Amino acid sequence: MAHGEALPFPDASFDAVLSTQALGLVDDPVALGREIARVTRPGGIVWLTGPAAYPYDSARPEHRFGEPE
């Protein structure tokens, strides 16, 4: 098992990385972005998605990118 903020892969391991809907669930989304960049080879492709719309609840980590209604 691994955490997105500390991936168990060497630098530049992947030609492409897909991360879908994980950005709103990790404790440190910036660290996740750094790890994705670290494990993607130069010139590689990253496809990163996050939640588009949730009912806002500031107590839930997956809602941290939303705006209060």
# chains A, B, ... in the order shown; residues from 1 in each chain; ligands from 1
>>> residues_around(residues="range 12-18 of chain A", least_positions_apart="6", cutoff="12 Å", atoms="only C-alpha atoms", output="list in words")
Gly33, Glu35, Ile36, Ala37, Arg38, Val39, Thr40, Arg41, Pro42, Gly43, Gly44, Ile45, Val46, Trp47, Leu48, Thr49 and Gly50 of chain A
>>> closest_residue(among="A:Arg34, A:Pro29, A:Pro51, A:Gln21", to="Leu7 in chain A", atoms="only C-alpha atoms")
A:Arg34
>>> atom_distance(atom1="CA of Val30 in chain A", atom2="CA of Ala2 in chain A")
16.5 Å
